[in-house]
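To keep things clear, I will list the structure first and then write my remarks on it.
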Amino acid sequence: MAISALSRPTAAATAEMAAGTFTSQSLGGGEWQYDLTLSNASPVNNANTTIGTFWFSWAPGQEYMEADPTNIQAPANWTFLVTGNENPQDGFGIQYVAMSGDLLAAGQSLSGFSFESTETPTQLFGPSTFFQNQIETTSTAYTQGPFSDTTNAGDLFVVTPAGTTTSGGVSAVPLPAASWQILAGLFGVGLMTRVKWMRRRFVGAKS
């Protein structure tokens with residue numbers, strides 16, 4: 001689940017550091033269910049390193065999913081909102097927000113985030129047709145509510161695949177190799193440079 005290729009601020013010890021994985025299950029008929037796990041990888045635990053917003057498939061001003069997510073579920077005391085699709089050049093994102101007493105502390109992980117989609121795992125973990133082909137699972141975290149960090153950019157990270165199962169959950173199979181090739185190519189130096197550029201560009205921008 002390592003995402004060390006992503007660029008983080010040098011003062012990471014005083015800001016949240018998010019990580020995430022997803023599993024996928026075929027429901028048949030071209031539908032897939034995705035279950036997300038959010039982790040707070042911050043090295044220290046304080047008021048500046050909690051996670052209260054998990055904005056999936058979103059960076060300030062940009063949504064990446066190509067299909068409208070359905071049957072969205074959130075953990076207890078978290079809310080959700082579908083964002084984006086405001087014009088033909090915009091995709092979809094899901095904004096999950098915790099109640100004030102249910103922030104995710106450093107060292108903790110939380111499951112219960114899920115949605116259904118007509119996108120396959122390869123498509124979801126592939127380049128979006130929107131916004132310079134950014135990986136669709138690119139996401140953003142904030143310490144409390146949306147845009148609650150010192151900069152509006154928040155903590156940018158990529159939710160990575162943990163595996164996939166057949167319909168009915170009979171067996172686990174690895175994600176198609178093409179997705180790992182995408183990961184290798186986009187998680188390299190080019191993505192490091194892009195994330196640094198995005199952080200500068202997105203300061204002050206809101207969806």
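Chain labels follow the order of the structure tokens: the first chain is A, the next B, and so on; residue numbering restarts at 1 in every chain, and ligands are counted from 1 in their shown order.
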
Contacts of Trp55 of chain A at 8 Å (only C-alpha atoms; same-chain gap of 3+ positions) as a VMD selection string
chain A and resid 58 to 59 93 to 96 139 to 141

Could you tell me, as a VMD selection string, which residues of segment 17-187 of chain A DSSP assigns to strand (DSSP E) when given the backbone?
chain A and resid 18 to 28 31 to 40 53 to 56 58 to 59 62 to 63 70 to 73 78 to 84 92 to 98 109 to 117 138 to 142 155 to 158 160 to 165 172 to 173

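Every residue of segment 91-154 of chain A found in alpha helix (DSSP H) when DSSP is run on the backbone appears here: Pro121, Thr122, Gln123 and Leu124 of chain A.
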